[in-house]
Amino acid sequence: MTFSLSIHNTLAALAEAQKLVETFLSGHGVPFEAAYAVRLSLEELVSNIIRHGYDDREPHEIGICLEILPVVIELMIDDDGRPFDPNSAEPVPVPASLEEAPTGGIGLSLVRTIAGPMEYQRLGNRNQVKLQIAF
Amino acid sequence: MAEVRTIAATDEISHIRLVGRLDIEGVGTIEIPLTAATVARKRPAIVDMSGVDFLGSIGIGLLVRCAISLQRSGARFVLFGCQPLVQKSLEITKINAVVPIVASEAAAFELVVVK
């Protein structure tokens with residue numbers, strides 16, 4: 001079972017996409033933990049693209065594709081932003097104090113641990129990130 | 001969506017409950033009321049997280065900012081009752097090393113109320 005959509009690079013479009021994805025996943029009986037991992041991955045990866053991926057203020061298209069397979073959900077996100085491999089993000093260090101605790105830059109660590117490894121490719125002028133979320 | 005509910009607002013403590021999803025949309029809704037219910041009061045705060053069923057990095061950032069601001073006022077910010085994946089998110093990002101996260105309301109009270 002496959003679900004795919006293309007959204008504009010706005011946070012409002014991401015919020016709408018999350019609702020559609022949730023409906024698709026719950027309609028196919030995907031367990032809570034796997035659905036959480038999908039939601040988290042979309043939230044962190046797509047919001048990063050929207051906030052940091054472009055040098056202009058023009059509208060861009062971000063592709064989202066979900067496929068429910070026997071034991072995994074495959075999530076693919078592609079965009080035409082700057083080349084960026086999410087695996088290049090540094091792991092989060094233990095803060096020495098509350099004042100040093102991170103208030104940002106931690107999303108990719110969350111995705112890596114909760115959803116799993118991210119497979120990245122640059123194809124032409126597009127980034128493509130793929131995750132296989134087990135359930 | 002997300003919501004802030006005030007359970008108690010006394011001279012000794014701010015006790016609030018967060019409900020819903022702390023994603024980009026949710027944080028946009030609760031940032032101001034959460035700050036008003038905790039940071040602005042400059043009292044020790046305990047936050048019931050049992051109703052939070054999603055925590056994104058933006059939600060973690062908000063909680064950390066509240067904790068830092070309260071610390072600067074000399075007060076503690078304690079989270080309790082996290083659902084498993086929410087708890088895991090706080091541990092992955094090492095926030096639990098600097099923001100107290102406990103299992104129960106009673107344990108949270110113990111950490112903030114001076115006897």
# chains A, B, ... in the order shown; residues from 1 in each chain; ligands from 1
>>> select_by_dssp(residues="chain B", states="helix (DSSP H, G or I)", output="PyMOL selection string")
chain B and resi 24-37+39-41+57-72+84-92+95-97+105-112
>>> interface_residues(of="chain B", to="chain A", cutoff="9 Å", atoms="only C-alpha atoms", output="list in words")
Asp23, Ile24, Glu25, Asp53, Phe54, Leu55, Gly56, Ser57, Ile58, Ile60, Gly61, Leu62, Leu63, Val64, Arg65, Ala67, Ile68, Gln71, Leu85, Lys88, Ser89, Ile92, Thr93, Lys94, Ile95, Ala97, Val98 and Val99 of chain B
>>> residues_around(residues="Asn125 of chain A", least_positions_apart="4", cutoff="8 Å", atoms="only C-alpha atoms", output="PyMOL selection string")
chain A and resi 80-81+83
>>> write_last_selection(atoms="all heavy atoms", output="PDB file, in the first residue's frame")
ATOM      1  N   ASP A  80      14.418  19.592  -3.703  1.00  0.00           N
ATOM      2  CA  ASP A  80      15.418  20.204  -4.595  1.00  0.00           C
ATOM      3  C   ASP A  80      16.218  21.283  -3.886  1.00  0.00           C
ATOM      4  O   ASP A  80      16.675  22.249  -4.498  1.00  0.00           O
ATOM      5  CB  ASP A  80      14.743  20.761  -5.862  1.00  0.00           C
ATOM      6  CG  ASP A  80      13.818  21.932  -5.570  1.00  0.00           C
ATOM      7  OD1 ASP A  80      13.489  22.157  -4.380  1.00  0.00           O
ATOM      8  OD2 ASP A  80      13.408  22.623  -6.513  1.00  0.00           O
ATOM      9  N   GLY A  81      16.366  21.124  -2.576  1.00  0.00           N
ATOM     10  CA  GLY A  81      17.158  22.090  -1.816  1.00  0.00           C
ATOM     11  C   GLY A  81      18.654  21.845  -1.973  1.00  0.00           C
ATOM     12  O   GLY A  81      19.095  20.998  -2.750  1.00  0.00           O
ATOM     13  N   PRO A  83      22.325  20.450  -1.386  1.00  0.00           N
ATOM     14  CA  PRO A  83      22.726  19.088  -1.020  1.00  0.00           C
ATOM     15  C   PRO A  83      22.897  18.970   0.482  1.00  0.00           C
ATOM     16  O   PRO A  83      23.581  19.801   1.099  1.00  0.00           O
ATOM     17  CB  PRO A  83      24.083  18.916  -1.735  1.00  0.00           C
ATOM     18  CG  PRO A  83      24.061  19.901  -2.854  1.00  0.00           C
ATOM     19  CD  PRO A  83      23.249  21.064  -2.365  1.00  0.00           C
TER      20      PRO A  83
END
>>> residues_around(residues="segment 43-47 of chain B", least_positions_apart="4", cutoff="10 Å", atoms="only C-alpha atoms", output="compact mmCIF listing (two decimals) with all heavy atoms, in the first residue's frame")
# COMPACT_ATOMS: atom_id res chain seq x y z
N VAL B 4 -2.26 23.71 27.35
CA VAL B 4 -1.68 23.87 28.69
C VAL B 4 -2.83 23.97 29.68
O VAL B 4 -3.72 24.80 29.50
CB VAL B 4 -0.83 25.15 28.76
CG1 VAL B 4 -0.28 25.35 30.16
CG2 VAL B 4 0.30 25.12 27.74
N ARG B 5 -2.79 23.14 30.72
CA ARG B 5 -3.82 23.22 31.76
C ARG B 5 -3.15 23.50 33.09
O ARG B 5 -2.21 22.80 33.46
CB ARG B 5 -4.59 21.90 31.85
CG ARG B 5 -5.38 21.58 30.60
CD ARG B 5 -6.08 20.25 30.70
NE ARG B 5 -6.65 19.88 29.40
CZ ARG B 5 -7.10 18.67 29.08
NH1 ARG B 5 -7.04 17.69 29.96
NH2 ARG B 5 -7.59 18.42 27.88
N THR B 6 -3.61 24.52 33.79
CA THR B 6 -3.06 24.84 35.10
C THR B 6 -3.80 24.03 36.16
O THR B 6 -5.02 24.13 36.28
CB THR B 6 -3.19 26.34 35.40
OG1 THR B 6 -2.40 27.06 34.45
CG2 THR B 6 -2.66 26.65 36.80
N ILE B 7 -3.03 23.21 36.89
CA ILE B 7 -3.61 22.40 37.96
C ILE B 7 -3.55 23.18 39.28
O ILE B 7 -4.46 23.14 40.08
CB ILE B 7 -2.87 21.05 38.10
CG1 ILE B 7 -2.78 20.34 36.73
CG2 ILE B 7 -3.51 20.18 39.16
CD1 ILE B 7 -4.11 20.03 36.08
N ALA B 8 -2.43 23.86 39.51
CA ALA B 8 -2.29 24.70 40.71
C ALA B 8 -1.31 25.82 40.41
O ALA B 8 -0.31 25.62 39.72
CB ALA B 8 -1.79 23.87 41.88
N ALA B 9 -1.61 26.99 40.94
CA ALA B 9 -0.72 28.15 40.78
C ALA B 9 -0.70 28.87 42.14
O ALA B 9 -1.51 29.74 42.40
CB ALA B 9 -1.23 29.08 39.68
N THR B 10 0.23 28.43 43.00
CA THR B 10 0.30 28.97 44.37
C THR B 10 1.62 29.70 44.56
O THR B 10 2.45 29.75 43.66
CB THR B 10 0.19 27.83 45.39
OG1 THR B 10 1.38 27.03 45.29
CG2 THR B 10 -1.03 26.96 45.15
N ASP B 11 1.83 30.20 45.77
CA ASP B 11 3.12 30.83 46.06
C ASP B 11 4.25 29.81 46.08
O ASP B 11 5.41 30.16 45.90
CB ASP B 11 3.07 31.55 47.41
CG ASP B 11 2.30 32.85 47.33
OD1 ASP B 11 2.11 33.35 46.20
OD2 ASP B 11 1.90 33.36 48.39
N GLU B 12 3.89 28.52 46.32
CA GLU B 12 4.93 27.49 46.43
C GLU B 12 5.26 26.84 45.11
O GLU B 12 6.37 26.36 44.91
CB GLU B 12 4.49 26.38 47.41
CG GLU B 12 4.54 26.78 48.88
CD GLU B 12 3.43 27.72 49.26
OE1 GLU B 12 2.29 27.52 48.79
OE2 GLU B 12 3.70 28.69 50.01
N ILE B 13 4.30 26.79 44.22
CA ILE B 13 4.49 25.94 43.04
C ILE B 13 3.60 26.33 41.87
O ILE B 13 2.53 26.91 42.06
CB ILE B 13 4.21 24.45 43.44
CG1 ILE B 13 4.86 23.48 42.45
CG2 ILE B 13 2.70 24.18 43.55
CD1 ILE B 13 4.94 22.06 42.97
N SER B 14 4.09 26.01 40.67
CA SER B 14 3.24 26.03 39.46
C SER B 14 3.12 24.57 39.03
O SER B 14 4.12 23.93 38.75
CB SER B 14 3.90 26.82 38.33
OG SER B 14 4.19 28.13 38.72
N HIS B 15 1.90 24.08 39.00
CA HIS B 15 1.68 22.69 38.59
C HIS B 15 0.82 22.75 37.34
O HIS B 15 -0.31 23.23 37.38
CB HIS B 15 0.95 21.94 39.73
CG HIS B 15 0.59 20.52 39.39
ND1 HIS B 15 -0.06 19.70 40.28
CD2 HIS B 15 0.78 19.78 38.28
CE1 HIS B 15 -0.26 18.51 39.73
NE2 HIS B 15 0.24 18.53 38.51
N ILE B 16 1.40 22.31 36.24
CA ILE B 16 0.63 22.36 35.00
C ILE B 16 0.61 21.00 34.32
O ILE B 16 1.44 20.14 34.62
CB ILE B 16 1.15 23.43 34.04
CG1 ILE B 16 2.54 23.04 33.54
CG2 ILE B 16 1.22 24.80 34.68
CD1 ILE B 16 2.74 23.56 32.16
N ARG B 17 -0.32 20.84 33.43
CA ARG B 17 -0.44 19.61 32.64
C ARG B 17 -0.42 20.00 31.17
O ARG B 17 -1.15 20.90 30.74
CB ARG B 17 -1.74 18.89 32.99
CG ARG B 17 -1.89 17.56 32.29
CD ARG B 17 -2.90 16.64 32.96
NE ARG B 17 -2.74 15.30 32.45
CZ ARG B 17 -3.52 14.73 31.53
NH1 ARG B 17 -4.54 15.41 31.03
NH2 ARG B 17 -3.29 13.50 31.11
N LEU B 18 0.45 19.31 30.40
CA LEU B 18 0.48 19.51 28.96
C LEU B 18 -0.26 18.35 28.30
O LEU B 18 -0.14 17.19 28.72
CB LEU B 18 1.92 19.54 28.44
CG LEU B 18 2.78 20.69 28.94
CD1 LEU B 18 4.17 20.62 28.31
CD2 LEU B 18 2.15 22.04 28.61
N LEU B 34 2.40 28.43 28.17
CA LEU B 34 3.30 27.65 29.02
C LEU B 34 4.30 28.57 29.72
O LEU B 34 4.56 28.44 30.93
CB LEU B 34 4.06 26.60 28.20
CG LEU B 34 5.12 25.79 28.95
CD1 LEU B 34 4.50 25.00 30.10
CD2 LEU B 34 5.87 24.86 28.00
N ALA B 37 2.54 30.40 32.46
CA ALA B 37 2.15 29.55 33.60
C ALA B 37 3.36 29.08 34.41
O ALA B 37 3.19 28.60 35.53
CB ALA B 37 1.38 28.34 33.09
N THR B 38 4.55 29.20 33.85
CA THR B 38 5.74 28.70 34.56
C THR B 38 6.79 29.79 34.74
O THR B 38 6.97 30.32 35.83
CB THR B 38 6.34 27.50 33.81
OG1 THR B 38 6.66 27.86 32.46
CG2 THR B 38 5.38 26.31 33.80
N VAL B 39 7.45 30.15 33.68
CA VAL B 39 8.57 31.10 33.75
C VAL B 39 8.16 32.42 34.38
O VAL B 39 8.84 32.96 35.26
CB VAL B 39 9.15 31.32 32.34
CG1 VAL B 39 10.23 32.39 32.36
CG2 VAL B 39 9.70 30.02 31.78
N LEU B 63 10.74 23.18 26.18
CA LEU B 63 10.87 22.74 27.57
C LEU B 63 12.21 23.17 28.16
O LEU B 63 12.29 23.62 29.30
CB LEU B 63 10.70 21.22 27.66
CG LEU B 63 9.33 20.67 27.28
CD1 LEU B 63 9.35 19.15 27.22
CD2 LEU B 63 8.25 21.15 28.24
N CYS B 66 12.26 26.89 28.93
CA CYS B 66 11.51 27.18 30.16
C CYS B 66 12.34 26.81 31.38
O CYS B 66 12.39 27.56 32.37
CB CYS B 66 10.19 26.40 30.19
SG CYS B 66 8.94 27.04 29.06
N ALA B 67 13.00 25.66 31.32
CA ALA B 67 13.82 25.21 32.44
C ALA B 67 14.97 26.19 32.70
O ALA B 67 15.26 26.53 33.85
CB ALA B 67 14.35 23.81 32.18
N LEU B 70 13.60 29.48 34.21
CA LEU B 70 13.22 29.32 35.61
C LEU B 70 14.45 29.19 36.51
O LEU B 70 14.48 29.72 37.61
CB LEU B 70 12.32 28.09 35.80
CG LEU B 70 10.83 28.37 35.89
CD1 LEU B 70 10.08 27.07 36.19
CD2 LEU B 70 10.49 29.41 36.95
N GLN B 71 15.45 28.48 36.01
CA GLN B 71 16.67 28.33 36.80
C GLN B 71 17.28 29.69 37.09
O GLN B 71 17.79 29.93 38.18
CB GLN B 71 17.68 27.44 36.05
CG GLN B 71 18.98 27.25 36.83
CD GLN B 71 19.91 26.26 36.18
OE1 GLN B 71 20.00 25.11 36.58
NE2 GLN B 71 20.64 26.72 35.19
N SER B 73 15.77 32.29 37.62
CA SER B 73 14.98 32.90 38.70
C SER B 73 15.14 32.12 40.00
O SER B 73 14.45 32.41 40.98
CB SER B 73 13.49 32.92 38.32
OG SER B 73 13.27 33.67 37.17
N GLY B 74 15.99 31.11 39.99
CA GLY B 74 16.24 30.33 41.19
C GLY B 74 15.23 29.23 41.44
O GLY B 74 15.12 28.73 42.56
N ALA B 75 14.47 28.85 40.42
CA ALA B 75 13.43 27.83 40.61
C ALA B 75 13.67 26.64 39.71
O ALA B 75 14.26 26.76 38.64
CB ALA B 75 12.06 28.44 40.34
N ARG B 76 13.18 25.50 40.15
CA ARG B 76 13.34 24.26 39.39
C ARG B 76 12.17 24.00 38.46
O ARG B 76 11.05 24.46 38.71
CB ARG B 76 13.45 23.07 40.34
CG ARG B 76 14.84 22.80 40.84
CD ARG B 76 14.90 21.56 41.66
NE ARG B 76 15.81 20.61 41.04
CZ ARG B 76 16.23 19.51 41.63
NH1 ARG B 76 15.78 19.19 42.82
NH2 ARG B 76 17.07 18.70 41.02
N PHE B 77 12.46 23.24 37.41
CA PHE B 77 11.45 22.86 36.41
C PHE B 77 11.56 21.35 36.28
O PHE B 77 12.61 20.84 35.89
CB PHE B 77 11.79 23.56 35.09
CG PHE B 77 10.82 23.37 33.97
CD1 PHE B 77 9.70 24.17 33.85
CD2 PHE B 77 11.05 22.41 32.98
CE1 PHE B 77 8.82 24.02 32.78
CE2 PHE B 77 10.17 22.25 31.92
CZ PHE B 77 9.06 23.06 31.81
N VAL B 78 10.51 20.65 36.66
CA VAL B 78 10.56 19.18 36.71
C VAL B 78 9.46 18.61 35.83
O VAL B 78 8.31 19.06 35.90
CB VAL B 78 10.38 18.69 38.16
CG1 VAL B 78 10.37 17.16 38.21
CG2 VAL B 78 11.46 19.25 39.07
N LEU B 79 9.81 17.62 35.04
CA LEU B 79 8.83 16.92 34.21
C LEU B 79 8.49 15.59 34.87
O LEU B 79 9.35 14.95 35.48
CB LEU B 79 9.40 16.65 32.82
CG LEU B 79 9.97 17.84 32.05
CD1 LEU B 79 10.57 17.38 30.73
CD2 LEU B 79 8.90 18.88 31.81
N PHE B 80 7.23 15.15 34.73
CA PHE B 80 6.89 13.82 35.23
C PHE B 80 5.85 13.15 34.36
O PHE B 80 5.14 13.80 33.60
CB PHE B 80 6.42 13.88 36.70
CG PHE B 80 5.07 14.51 36.92
CD1 PHE B 80 3.91 13.75 36.94
CD2 PHE B 80 4.96 15.88 37.14
CE1 PHE B 80 2.67 14.33 37.16
CE2 PHE B 80 3.74 16.47 37.36
CZ PHE B 80 2.59 15.70 37.37
N GLY B 81 5.80 11.83 34.49
CA GLY B 81 4.75 11.05 33.84
C GLY B 81 4.87 10.92 32.34
O GLY B 81 3.85 10.77 31.66
N CYS B 82 6.08 10.94 31.79
CA CYS B 82 6.23 10.89 30.33
C CYS B 82 5.81 9.53 29.77
O CYS B 82 6.14 8.49 30.34
CB CYS B 82 7.68 11.14 29.94
SG CYS B 82 8.28 12.78 30.33
N PRO B 100 15.26 17.49 35.54
CA PRO B 100 14.75 16.31 36.25
C PRO B 100 13.48 15.77 35.59
O PRO B 100 12.56 16.53 35.27
CB PRO B 100 14.43 16.85 37.66
CG PRO B 100 15.18 18.12 37.78
CD PRO B 100 15.29 18.69 36.40
N ILE B 101 13.49 14.46 35.34
CA ILE B 101 12.32 13.79 34.74
C ILE B 101 12.03 12.60 35.62
O ILE B 101 12.84 11.68 35.75
CB ILE B 101 12.62 13.34 33.30
CG1 ILE B 101 13.06 14.53 32.44
CG2 ILE B 101 11.37 12.68 32.69
CD1 ILE B 101 13.63 14.15 31.09
N GLU B 105 3.81 12.32 40.05
CA GLU B 105 3.54 13.64 40.59
C GLU B 105 4.17 13.78 41.98
O GLU B 105 4.78 14.80 42.30
CB GLU B 105 2.02 13.84 40.67
CG GLU B 105 1.59 15.19 41.18
CD GLU B 105 0.07 15.31 41.22
OE1 GLU B 105 -0.58 14.94 40.23
OE2 GLU B 105 -0.46 15.77 42.25
N ALA B 107 6.77 12.25 43.18
CA ALA B 107 8.23 12.38 43.05
C ALA B 107 8.60 13.79 42.58
O ALA B 107 9.61 14.35 43.01
CB ALA B 107 8.76 11.33 42.08
N ALA B 108 7.80 14.35 41.70
CA ALA B 108 8.06 15.72 41.22
C ALA B 108 7.92 16.72 42.36
O ALA B 108 8.75 17.61 42.53
CB ALA B 108 7.11 16.06 40.07
N PHE B 109 6.88 16.56 43.17
CA PHE B 109 6.69 17.45 44.32
C PHE B 109 7.89 17.38 45.26
O PHE B 109 8.35 18.40 45.78
CB PHE B 109 5.42 17.06 45.10
CG PHE B 109 4.21 17.86 44.71
CD1 PHE B 109 3.20 17.30 43.95
CD2 PHE B 109 4.08 19.18 45.11
CE1 PHE B 109 2.08 18.04 43.59
CE2 PHE B 109 2.96 19.93 44.74
CZ PHE B 109 1.96 19.35 43.98
N LEU B 111 10.86 16.93 44.66
CA LEU B 111 12.04 17.63 44.13
C LEU B 111 11.94 19.14 44.23
O LEU B 111 12.96 19.84 44.19
CB LEU B 111 12.27 17.25 42.66
CG LEU B 111 12.81 15.85 42.39
CD1 LEU B 111 12.98 15.64 40.90
CD2 LEU B 111 14.13 15.63 43.10
N VAL B 112 10.72 19.65 44.32
CA VAL B 112 10.60 21.11 44.25
C VAL B 112 10.11 21.77 45.53
O VAL B 112 10.36 22.94 45.76
CB VAL B 112 9.68 21.56 43.09
CG1 VAL B 112 10.25 21.11 41.76
CG2 VAL B 112 8.25 21.11 43.28
N VAL B 113 9.41 21.01 46.38
CA VAL B 113 8.83 21.64 47.56
C VAL B 113 9.85 21.61 48.69
O VAL B 113 10.34 20.57 49.06
CB VAL B 113 7.54 20.94 47.99
CG1 VAL B 113 7.03 21.48 49.31
CG2 VAL B 113 6.48 21.12 46.91
N VAL B 114 10.16 22.77 49.23
CA VAL B 114 11.10 22.86 50.34
C VAL B 114 10.35 22.58 51.62
O VAL B 114 9.34 23.21 51.91
CB VAL B 114 11.73 24.27 50.41
CG1 VAL B 114 12.63 24.40 51.62
CG2 VAL B 114 12.48 24.55 49.13
>>> select_by_dssp(residues="segment 12-124 of chain A", states="strand (DSSP E or B)", output="PDB file with C-alpha atoms, in the first residue's frame")
ATOM      1  CA  GLU A  61       8.092  21.016  -4.005  1.00  0.00           C
ATOM      2  CA  ILE A  62       8.928  18.387  -1.411  1.00  0.00           C
ATOM      3  CA  GLY A  63       7.948  14.819  -2.246  1.00  0.00           C
ATOM      4  CA  ILE A  64       6.760  12.402   0.440  1.00  0.00           C
ATOM      5  CA  CYS A  65       6.138   8.736  -0.279  1.00  0.00           C
ATOM      6  CA  LEU A  66       5.091   6.020   2.157  1.00  0.00           C
ATOM      7  CA  GLU A  67       4.865   2.346   1.413  1.00  0.00           C
ATOM      8  CA  ILE A  68       3.544  -0.182   3.909  1.00  0.00           C
ATOM      9  CA  VAL A  72       8.477  -2.193   7.533  1.00  0.00           C
ATOM     10  CA  ILE A  73       7.137   1.127   6.441  1.00  0.00           C
ATOM     11  CA  GLU A  74       9.321   2.693   3.826  1.00  0.00           C
ATOM     12  CA  LEU A  75       9.379   6.470   3.955  1.00  0.00           C
ATOM     13  CA  MET A  76      11.006   8.492   1.229  1.00  0.00           C
ATOM     14  CA  ILE A  77      11.420  12.266   1.189  1.00  0.00           C
ATOM     15  CA  ASP A  78      12.890  14.163  -1.727  1.00  0.00           C
ATOM     16  CA  ASP A  79      13.529  17.846  -2.316  1.00  0.00           C
ATOM     17  CA  MET A 118      18.612   7.160   6.965  1.00  0.00           C
ATOM     18  CA  GLU A 119      19.751   6.293   3.453  1.00  0.00           C
ATOM     19  CA  TYR A 120      20.746   9.377   1.484  1.00  0.00           C
ATOM     20  CA  GLN A 121      21.328   9.964  -2.195  1.00  0.00           C
ATOM     21  CA  ARG A 122      21.786  13.058  -4.326  1.00  0.00           C
ATOM     22  CA  LEU A 123      20.074  12.438  -7.646  1.00  0.00           C
TER      23      LEU A 123
END
>>> atom_distance(atom1="atom CA of Ile50 of chain A", atom2="atom CA of Met49 of chain B")
28.5 Å
>>> closest_residue(among="B:Arg41, B:Ala2, B:Asn96, B:Gln83", to="Val27 of chain B", atoms="only C-alpha atoms")
B:Ala2
>>> closest_residue(among="A:Leu5, A:Val38, A:Thr23, A:Ile49", to="Arg126 of chain A", atoms="only C-alpha atoms")
A:Ile49
>>> closest_residue(among="B:Ser50, B:Ser104, B:Gln87, B:Ser69", to="Thr35 of chain B", atoms="only C-alpha atoms")
B:Ser69
